[in-house]
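Text of target_29.cif, listed as mmCIF, C-alpha atoms and all ligand atoms:
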data_query
#
loop_
_atom_site.label_atom_id
_atom_site.label_comp_id
_atom_site.auth_asym_id
_atom_site.auth_seq_id
_atom_site.Cartn_x
_atom_site.Cartn_y
_atom_site.Cartn_z
CA MET D 1 0.00 0.00 0.00
CA LYS D 2 2.73 2.44 1.03
CA LYS D 3 4.57 1.79 -2.22
CA SER D 4 1.46 2.47 -4.29
CA ILE D 5 0.93 5.76 -2.44
CA ILE D 6 4.54 6.73 -3.20
CA LEU D 7 3.94 5.76 -6.83
CA LEU D 8 0.85 7.95 -7.01
CA TYR D 9 2.70 10.81 -5.28
CA GLY D 10 5.55 10.60 -7.81
CA ILE D 11 3.17 10.52 -10.77
CA VAL D 12 1.23 13.53 -9.46
CA ALA D 13 4.53 15.40 -8.86
CA TYR D 14 5.61 14.63 -12.45
CA PHE D 15 2.32 15.92 -13.89
CA VAL D 16 2.53 19.12 -11.82
CA PHE D 17 6.08 19.53 -13.19
CA LEU D 18 4.86 18.97 -16.79
CA ILE D 19 2.20 21.68 -16.36
CA ALA D 20 4.72 24.07 -14.76
CA PHE D 21 7.27 23.37 -17.53
CA LEU D 22 4.80 23.90 -20.38
CA TYR D 23 3.42 27.00 -18.68
CA ALA D 24 6.98 28.36 -18.39
CA ILE D 25 7.26 28.41 -22.21
CA GLY D 26 4.03 30.40 -22.48
CA PHE D 27 4.91 32.63 -19.52
CA VAL D 28 8.35 33.69 -20.77
CA GLY D 29 7.30 33.77 -24.45
CA ASN D 30 4.02 35.67 -23.85
CA ILE D 31 2.07 33.04 -25.75
CA ILE D 32 -1.18 31.14 -25.13
CA VAL D 33 -1.19 31.31 -21.30
CA PRO D 34 -3.65 33.63 -19.50
CA LYS D 35 -0.96 35.33 -17.36
CA SER D 36 2.51 35.87 -18.76
CA ILE D 37 5.65 37.82 -17.89
CA ASP D 38 4.31 41.00 -19.54
CA THR D 39 0.60 40.77 -18.78
CA GLY D 40 -1.55 41.67 -15.77
CA ALA D 41 -2.19 44.88 -13.87
CA GLU D 42 0.84 47.13 -13.47
CA THR D 43 1.75 48.87 -10.20
CA THR D 44 4.78 51.01 -9.30
CA MET D 45 8.22 49.97 -10.52
CA TYR D 46 9.74 49.67 -7.01
CA PHE D 47 6.90 47.51 -5.70
CA SER D 48 7.07 45.28 -8.79
CA VAL D 49 10.85 44.83 -8.55
CA PHE D 50 10.55 44.08 -4.82
CA ILE D 51 7.86 41.40 -5.29
CA ASN D 52 9.57 39.83 -8.31
CA VAL D 53 12.93 39.60 -6.52
CA ILE D 54 11.20 37.87 -3.58
CA LEU D 55 9.45 35.42 -5.92
CA LEU D 56 12.68 34.48 -7.69
CA SER D 57 14.50 34.21 -4.35
CA VAL D 58 11.88 31.75 -3.05
CA PHE D 59 12.51 29.56 -6.09
CA ALA D 60 16.31 29.89 -5.83
CA LEU D 61 16.33 29.05 -2.11
CA GLN D 62 14.01 26.06 -2.47
CA HIS D 63 15.97 24.79 -5.46
CA SER D 64 19.39 25.18 -3.88
CA ILE D 65 18.66 24.06 -0.32
CA MET D 66 16.80 20.92 -1.39
CA ALA D 67 19.61 19.95 -3.78
CA ARG D 68 22.23 19.89 -1.00
CA PRO D 69 23.43 16.39 -0.03
CA LYS D 70 22.86 17.28 3.67
CA PHE D 71 19.23 18.16 3.02
CA LYS D 72 18.74 14.91 1.08
CA GLU D 73 20.26 12.93 3.96
CA TRP D 74 17.88 14.62 6.41
CA PHE D 75 14.88 14.04 4.11
CA ASN D 76 15.74 10.38 3.64
CA SER D 77 16.06 9.88 7.40
CA ILE D 78 12.40 10.88 7.79
CA PHE D 79 10.67 9.92 4.53
CA SER D 80 11.16 7.22 1.94
CA GLN D 81 14.20 7.86 -0.23
CA ALA D 82 12.01 7.07 -3.25
CA MET D 83 10.04 10.27 -2.59
CA GLU D 84 13.01 12.63 -2.39
CA ARG D 85 13.33 13.59 -6.07
CA SER D 86 9.54 13.77 -6.56
CA THR D 87 9.27 16.13 -3.58
CA TYR D 88 12.03 18.30 -5.03
CA ILE D 89 10.23 18.42 -8.39
CA LEU D 90 6.85 19.08 -6.79
CA LEU D 91 8.09 21.97 -4.62
CA SER D 92 10.12 23.47 -7.50
CA SER D 93 6.99 23.36 -9.67
CA LEU D 94 4.88 24.97 -6.93
CA ALA D 95 7.53 27.73 -6.55
CA LEU D 96 7.29 28.29 -10.32
CA ILE D 97 3.49 28.41 -10.21
CA LEU D 98 3.78 31.04 -7.44
CA ILE D 99 5.99 33.09 -9.78
CA TYR D 100 3.50 32.82 -12.67
CA TRP D 101 0.63 33.76 -10.39
CA GLN D 102 2.17 36.68 -8.50
CA TRP D 103 4.63 38.06 -11.08
CA GLN D 104 4.36 41.86 -11.41
CA PRO D 105 4.75 42.98 -15.02
CA ILE D 106 6.90 46.01 -15.87
CA THR D 107 6.15 46.65 -19.52
CA THR D 108 8.53 49.53 -20.31
CA ILE D 109 10.31 48.37 -23.46
CA VAL D 110 14.08 47.88 -23.43
CA TRP D 111 14.38 46.60 -27.00
CA GLU D 112 11.95 45.69 -29.71
CA THR D 113 12.26 44.55 -33.29
CA GLU D 114 9.60 45.47 -35.81
CA ASN D 115 11.33 43.44 -38.52
CA THR D 116 9.13 40.36 -38.90
CA ILE D 117 11.94 38.15 -40.24
CA LEU D 118 14.26 39.05 -37.37
CA SER D 119 11.40 38.60 -34.92
CA SER D 120 10.69 35.09 -36.31
CA ILE D 121 14.38 34.16 -36.08
CA ILE D 122 14.54 35.30 -32.44
CA THR D 123 11.33 33.37 -31.66
CA GLY D 124 12.89 30.31 -33.31
CA ILE D 125 15.96 30.68 -31.07
CA PHE D 126 13.61 30.97 -28.06
CA PHE D 127 12.02 27.59 -28.91
CA LEU D 128 15.44 26.09 -29.64
CA GLY D 129 16.41 27.01 -26.06
CA TRP D 130 13.47 25.02 -24.65
CA LEU D 131 14.25 22.10 -26.96
CA ILE D 132 17.85 22.07 -25.65
CA VAL D 133 16.49 22.00 -22.07
CA LEU D 134 14.24 19.03 -22.84
CA LEU D 135 16.86 17.09 -24.83
CA SER D 136 19.45 17.61 -22.06
CA THR D 137 17.15 15.97 -19.50
CA PHE D 138 17.11 12.83 -21.68
CA MET D 139 20.91 12.96 -22.13
CA ILE D 140 21.33 12.69 -18.34
CA ASN D 141 18.36 10.51 -17.43
CA HIS D 142 14.90 12.04 -17.73
CA LEU D 143 13.16 9.42 -15.59
CA GLU D 144 15.70 9.72 -12.75
CA LEU D 145 15.88 13.52 -12.93
CA PHE D 146 12.12 13.78 -12.41
CA GLY D 147 11.77 11.07 -9.79
CA LEU D 148 9.93 8.50 -11.93
CA ALA D 149 12.76 5.93 -11.97
CA GLN D 150 12.88 6.10 -8.15
CA ILE D 151 9.16 5.44 -7.64
CA PHE D 152 9.08 2.57 -10.15
CA ASP D 153 12.25 0.98 -8.72
CA ASN D 154 10.73 1.32 -5.25
CA LEU D 155 7.85 -0.90 -6.40
CA LYS D 156 10.42 -3.55 -7.33
CA ASN D 157 12.35 -3.06 -4.04
CA LYS D 158 15.27 -1.76 -6.06
CA GLN D 159 17.55 1.20 -5.33
CA THR D 160 17.84 3.55 -8.33
CA PRO D 161 21.48 3.99 -9.34
CA ASN D 162 22.88 7.51 -9.82
CA PRO D 163 22.73 8.62 -13.47
CA LYS D 164 25.81 7.78 -15.51
CA PHE D 165 28.28 10.67 -15.80
CA GLN D 166 27.42 12.10 -19.22
CA THR D 167 30.11 13.68 -21.39
CA ASN D 168 28.62 13.03 -24.80
CA TYR D 169 26.12 14.75 -27.11
CA LEU D 170 25.46 18.31 -25.86
CA TYR D 171 27.60 17.54 -22.79
CA LYS D 172 30.58 17.49 -25.16
CA LEU D 173 29.87 21.09 -26.11
CA VAL D 174 29.29 22.53 -22.62
CA ARG D 175 29.14 21.12 -19.09
CA HIS D 176 25.65 22.55 -18.50
CA PRO D 177 23.56 22.40 -21.69
CA LEU D 178 20.30 22.36 -19.78
CA MET D 179 21.21 25.72 -18.20
CA LEU D 180 22.41 27.00 -21.58
CA GLY D 181 18.95 26.14 -22.94
CA PHE D 182 17.29 28.16 -20.17
CA LEU D 183 19.59 31.14 -20.80
CA ILE D 184 18.76 31.10 -24.51
CA ALA D 185 15.02 30.84 -23.79
CA PHE D 186 15.11 33.66 -21.23
CA TRP D 187 17.11 36.13 -23.35
CA ALA D 188 15.85 35.42 -26.88
CA THR D 189 12.85 37.70 -27.24
CA PRO D 190 11.85 40.12 -30.00
CA THR D 191 10.41 42.46 -27.33
CA MET D 192 12.38 42.84 -24.11
CA THR D 193 10.55 44.65 -21.32
CA VAL D 194 12.03 45.82 -18.01
CA GLY D 195 10.13 43.00 -16.22
CA HIS D 196 11.46 40.35 -18.61
CA LEU D 197 14.97 41.81 -18.34
CA LEU D 198 14.81 41.63 -14.54
CA PHE D 199 13.74 37.99 -14.83
CA ALA D 200 16.53 37.18 -17.31
CA LEU D 201 19.22 38.99 -15.27
CA ILE D 202 18.36 37.40 -11.92
CA THR D 203 17.95 33.90 -13.33
CA THR D 204 21.25 34.25 -15.23
CA ILE D 205 23.12 35.25 -12.06
CA TYR D 206 21.45 32.43 -10.15
CA ILE D 207 22.32 29.85 -12.83
CA PHE D 208 26.02 30.81 -12.88
CA VAL D 209 26.32 30.93 -9.07
CA ALA D 210 24.38 27.68 -8.48
CA VAL D 211 26.27 25.77 -11.14
CA LYS D 212 29.76 27.00 -10.16
CA TYR D 213 29.49 27.01 -6.38
CA LEU D 214 26.96 24.27 -5.66
CA GLU D 215 26.39 21.72 -8.42
CA GLU D 216 29.98 21.47 -9.64
CA LYS D 217 31.31 21.18 -6.08
CA ASP D 218 28.99 18.23 -5.48
CA LEU D 219 29.87 16.66 -8.83
CA LYS D 220 33.60 16.94 -8.07
CA LYS D 221 33.05 15.19 -4.74
CA VAL D 222 31.11 12.33 -6.34
CA ILE D 223 32.97 11.91 -9.64
CA GLY D 224 36.42 13.16 -8.56
CA LYS D 225 39.38 13.47 -10.96
CA LYS D 226 37.26 12.63 -14.03
CA TYR D 227 35.11 15.68 -13.40
CA GLU D 228 38.18 17.92 -12.95
CA THR D 229 39.50 16.76 -16.33
CA TYR D 230 36.04 17.39 -17.84
CA GLN D 231 36.13 20.93 -16.38
CA LYS D 232 39.51 21.55 -17.97
CA GLU D 233 38.39 20.33 -21.40
CA VAL D 234 34.78 21.47 -21.77
CA PRO D 235 33.46 25.03 -21.24
CA MET D 236 30.97 25.60 -18.44
CA ILE D 237 28.01 27.17 -20.26
CA ILE D 238 29.20 29.17 -23.26
CA PRO D 239 30.23 26.88 -26.15
CA PHE D 240 33.60 27.22 -27.89
CA THR D 241 35.18 29.27 -25.10
CA LYS D 242 37.85 26.72 -24.21
CA ASN D 243 40.93 25.79 -26.21
CA LYS D 244 41.44 22.04 -26.39
CA ARG D 245 44.89 21.12 -25.12
C1 LIG K 301 18.80 19.91 -13.58
S1 LIG K 301 20.13 18.86 -13.94
C2 LIG K 301 21.19 20.02 -14.71
C3 LIG K 301 22.41 19.42 -15.27
C4 LIG K 301 23.44 20.41 -15.79
N1 LIG K 301 23.71 21.44 -14.81
C5 LIG K 301 23.01 21.06 -17.08
O1 LIG K 301 22.73 22.25 -17.07
O2 LIG K 301 22.94 20.36 -18.09
C6 LIG K 301 20.90 18.65 -12.39
C7 LIG K 301 21.41 17.26 -12.14
O3 LIG K 301 22.27 16.86 -13.18
C8 LIG K 301 23.39 16.19 -12.64
N2 LIG K 301 24.49 16.37 -13.61
C9 LIG K 301 25.12 17.50 -13.94
N3 LIG K 301 26.05 17.28 -14.91
C10 LIG K 301 25.98 15.97 -15.19
C11 LIG K 301 26.67 15.12 -16.11
N4 LIG K 301 27.61 15.59 -16.93
N5 LIG K 301 26.34 13.81 -16.15
C12 LIG K 301 25.40 13.30 -15.33
N6 LIG K 301 24.69 14.05 -14.44
C13 LIG K 301 24.99 15.36 -14.37
C14 LIG K 301 23.64 16.86 -11.32
O4 LIG K 301 24.31 16.03 -10.42
C15 LIG K 301 22.21 17.15 -10.86
O5 LIG K 301 21.71 16.07 -10.13
#
Please render this file's structure as structure tokens.
Ligand SMILES: C[S@@+](CC[C@H](N)C(=O)[O-])C[C@H]1O[C@@H](n2cnc3c(N)ncnc32)[C@H](O)[C@@H]1O
Amino acid sequence: MKKSIILLYGIVAYFVFLIAFLYAIGFVGNIIVPKSIDTGAETTMYFSVFINVILLSVFALQHSIMARPKFKEWFNSIFSQAMERSTYILLSSLALILIYWQWQPITTIVWETENTILSSIITGIFFLGWLIVLLSTFMINHLELFGLAQIFDNLKNKQTPNPKFQTNYLYKLVRHPLMLGFLIAFWATPTMTVGHLLFALITTIYIFVAVKYLEEKDLKKVIGKKYETYQKEVPMIIPFTKNKR
């Protein structure tokens, strides 16, 4: 019974993630969704910046604290280990939904292209960014990354192994293609507003800090020398910025 509840929990968490992920495309791209980054009632600039910074900080804190090995250890000492990744995904998705819901638009335009061809190219790059994000999850291990492997293995009384250290495909080009995909999707817009720029700037800073000071430190501890060699040979996020020795 307990295992089937964990299974259900993991499946629900995955579906909440899917909704949050798909909504993110509409939110950042100002397409289809009822409330996007540039829509909704506008208030004063200071109030909007204040609220938006708090919203992004909630996401950053949740995302970083729950990814720490110490937090995982604590979680696993109380709950089933099979629920850890699903809980991470569920709470990350809820933090995203809070952003979509409470985001304060600031629609002053920073740049805008009226050239329809250029606008289509930029929109194409925007979608390419999301495609890179999705493909990267499969290059690591989509099912493990989103907690599904853990809940299915739990049914079979099996422990899910850590994903294999990936250095191929997009991971040959940069060490963090998934983050590169996000950066492309957040910056590639034919119309950049102050609100969107604030979102892109804060998320960019967060991505660089989290990857350099948290994720890579953990990866070095787990993978060791192999990861250090990988760091020397492959650029962190911006392709072609490292000379091969
Ligand atoms: C959301 S994914 C992001 C991966 C990577 N930062 C990127 O942008 O492509 C985070 C998980 O990927 C794992 N990870 C990062 N680089 C990896 C690699 N080269 N091979 C396997 N797993 C990796 C981390 O340990 C972490 O659990």
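One finds CA of Leu198 (chain D) at 25.8 Å from atom C15 of ligand LIG 301 (chain K).
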Sorted per-residue table, region 140-245 of chain D near region 17-29 of chain D, closest atoms and distance, 10 Å, only C-alpha atoms, as JSON lines:
{"residue": "D:Phe146", "atom": "CA", "partner": "D:Phe17", "partner_atom": "CA", "distance": 8.4}
{"residue": "D:Ala185", "atom": "CA", "partner": "D:Val28", "partner_atom": "CA", "distance": 7.9}
{"residue": "D:Phe186", "atom": "CA", "partner": "D:Val28", "partner_atom": "CA", "distance": 6.8}
{"residue": "D:Trp187", "atom": "CA", "partner": "D:Val28", "partner_atom": "CA", "distance": 9.5}
{"residue": "D:Ala188", "atom": "CA", "partner": "D:Gly29", "partner_atom": "CA", "distance": 9.0}
{"residue": "D:Thr189", "atom": "CA", "partner": "D:Gly29", "partner_atom": "CA", "distance": 7.4}
{"residue": "D:Pro190", "atom": "CA", "partner": "D:Gly29", "partner_atom": "CA", "distance": 9.6}
{"residue": "D:Thr191", "atom": "CA", "partner": "D:Gly29", "partner_atom": "CA", "distance": 9.7}
{"residue": "D:His196", "atom": "CA", "partner": "D:Val28", "partner_atom": "CA", "distance": 7.7}
{"residue": "D:Phe199", "atom": "CA", "partner": "D:Val28", "partner_atom": "CA", "distance": 9.1}
{"residue": "D:Ala200", "atom": "CA", "partner": "D:Val28", "partner_atom": "CA", "distance": 9.5}
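Taking all atoms listed in the file into account, the residues that come within 7 Å of ligand LIG 301 (chain K) are Ser136, Thr137, Ile140, Leu145, Pro163, Lys164, Phe165, Gln166, Thr167, Tyr171, Arg175, His176, Pro177, Leu178, Met179, Leu180, Val211, Glu215 and Leu219 of chain D.
From CA of Thr108 (chain D) back to CA of Glu42 (chain D), the distance works out to 10.6 Å.
Our summary of the geometry notes that CA of Leu94 (chain D) is positioned 16.9 Å from CA of Ile37 (chain D).
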Draw an axis-aligned box tight on the listed atoms of region 32-48 of chain D, then pad every side by 3 Å and write out centre and edge lengths in Å to one decimal as JSON.
{"center_x": 3.0, "center_y": 41.1, "center_z": -15.4, "size_x": 19.4, "size_y": 25.9, "size_z": 25.4}
>> Set the distance at 10 Å and use all atoms listed in the file: which residues neighbour Ala41 (chain D) once local chain neighbours fewer than 4 positions away are removed? I'd like the list as a VMD selection string.
In response: chain D and resid 104 to 106
Rows by chain and residue number, region 95-209 of chain D within 9 Å of region 81-84 of chain D, shortest pair, all atoms listed in the file, as JSON lines:
{"residue": "D:Gly147", "atom": "CA", "partner": "D:Met83", "partner_atom": "CA", "distance": 7.4}
{"residue": "D:Ala149", "atom": "CA", "partner": "D:Ala82", "partner_atom": "CA", "distance": 8.8}
{"residue": "D:Gln150", "atom": "CA", "partner": "D:Ala82", "partner_atom": "CA", "distance": 5.1}
{"residue": "D:Ile151", "atom": "CA", "partner": "D:Ala82", "partner_atom": "CA", "distance": 5.5}
{"residue": "D:Phe152", "atom": "CA", "partner": "D:Ala82", "partner_atom": "CA", "distance": 8.7}
{"residue": "D:Asp153", "atom": "CA", "partner": "D:Ala82", "partner_atom": "CA", "distance": 8.2}
{"residue": "D:Asn154", "atom": "CA", "partner": "D:Ala82", "partner_atom": "CA", "distance": 6.2}
{"residue": "D:Gln159", "atom": "CA", "partner": "D:Ala82", "partner_atom": "CA", "distance": 8.3}
{"residue": "D:Thr160", "atom": "CA", "partner": "D:Ala82", "partner_atom": "CA", "distance": 8.5}
Okay, now the selection with C-alpha atoms, as a short mmCIF file (atom, residue, chain, number, x, y, z; two decimals), keeping the file's coordinate frame?
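Output saved as result-v5.cif:
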data_model
loop_
_atom_site.label_atom_id
_atom_site.label_comp_id
_atom_site.auth_asym_id
_atom_site.auth_seq_id
_atom_site.Cartn_x
_atom_site.Cartn_y
_atom_site.Cartn_z
CA GLY D 147 11.77 11.07 -9.79
CA ALA D 149 12.76 5.93 -11.97
CA GLN D 150 12.88 6.10 -8.15
CA ILE D 151 9.16 5.44 -7.64
CA PHE D 152 9.08 2.57 -10.15
CA ASP D 153 12.25 0.98 -8.72
CA ASN D 154 10.73 1.32 -5.25
CA GLN D 159 17.55 1.20 -5.33
CA THR D 160 17.84 3.55 -8.33
#
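Each of D:Thr241, D:Ser77, D:Ser4, D:Thr204 was compared to Val174 (chain D) using all atoms listed in the file, and D:Thr241 turns out to be the nearest.
Residues within 8 Å of Ser86 (chain D), counting all atoms listed in the file and excluding same-chain residues fewer than 5 positions away, are Tyr9, Gly10, Ala13, Tyr14, Phe146, Gly147 and Leu148 of chain D.
Proximity ranking of D:Met66, D:Val53, D:Val194, D:Leu170 relative to Met139 (chain D) places D:Leu170 first, based on all atoms listed in the file.
Nearest-residue note for Ile202 (chain D): choosing from D:Ser80, D:Gln62, D:Thr116, D:Asn52, the minimum distance belongs to D:Asn52, counting all atoms listed in the file.
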>> Residues near Met192 (chain D), anyone? I mean within 7 Å using only C-alpha atoms, not counting same-chain ones fewer than 6 positions away, as a PyMOL selection string.
In response: chain D and resi 109-112
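Comparing the minimum interatomic distances between Leu135 (chain D) and each of D:Tyr213, D:Tyr169, D:Tyr46, D:Tyr88, counting only C-alpha atoms, we find that D:Tyr169 sits nearest.
Closest to Met236 (chain D) among D:Glu73, D:Asp38, D:Glu144, D:Glu216 is D:Glu216, based on only C-alpha atoms.
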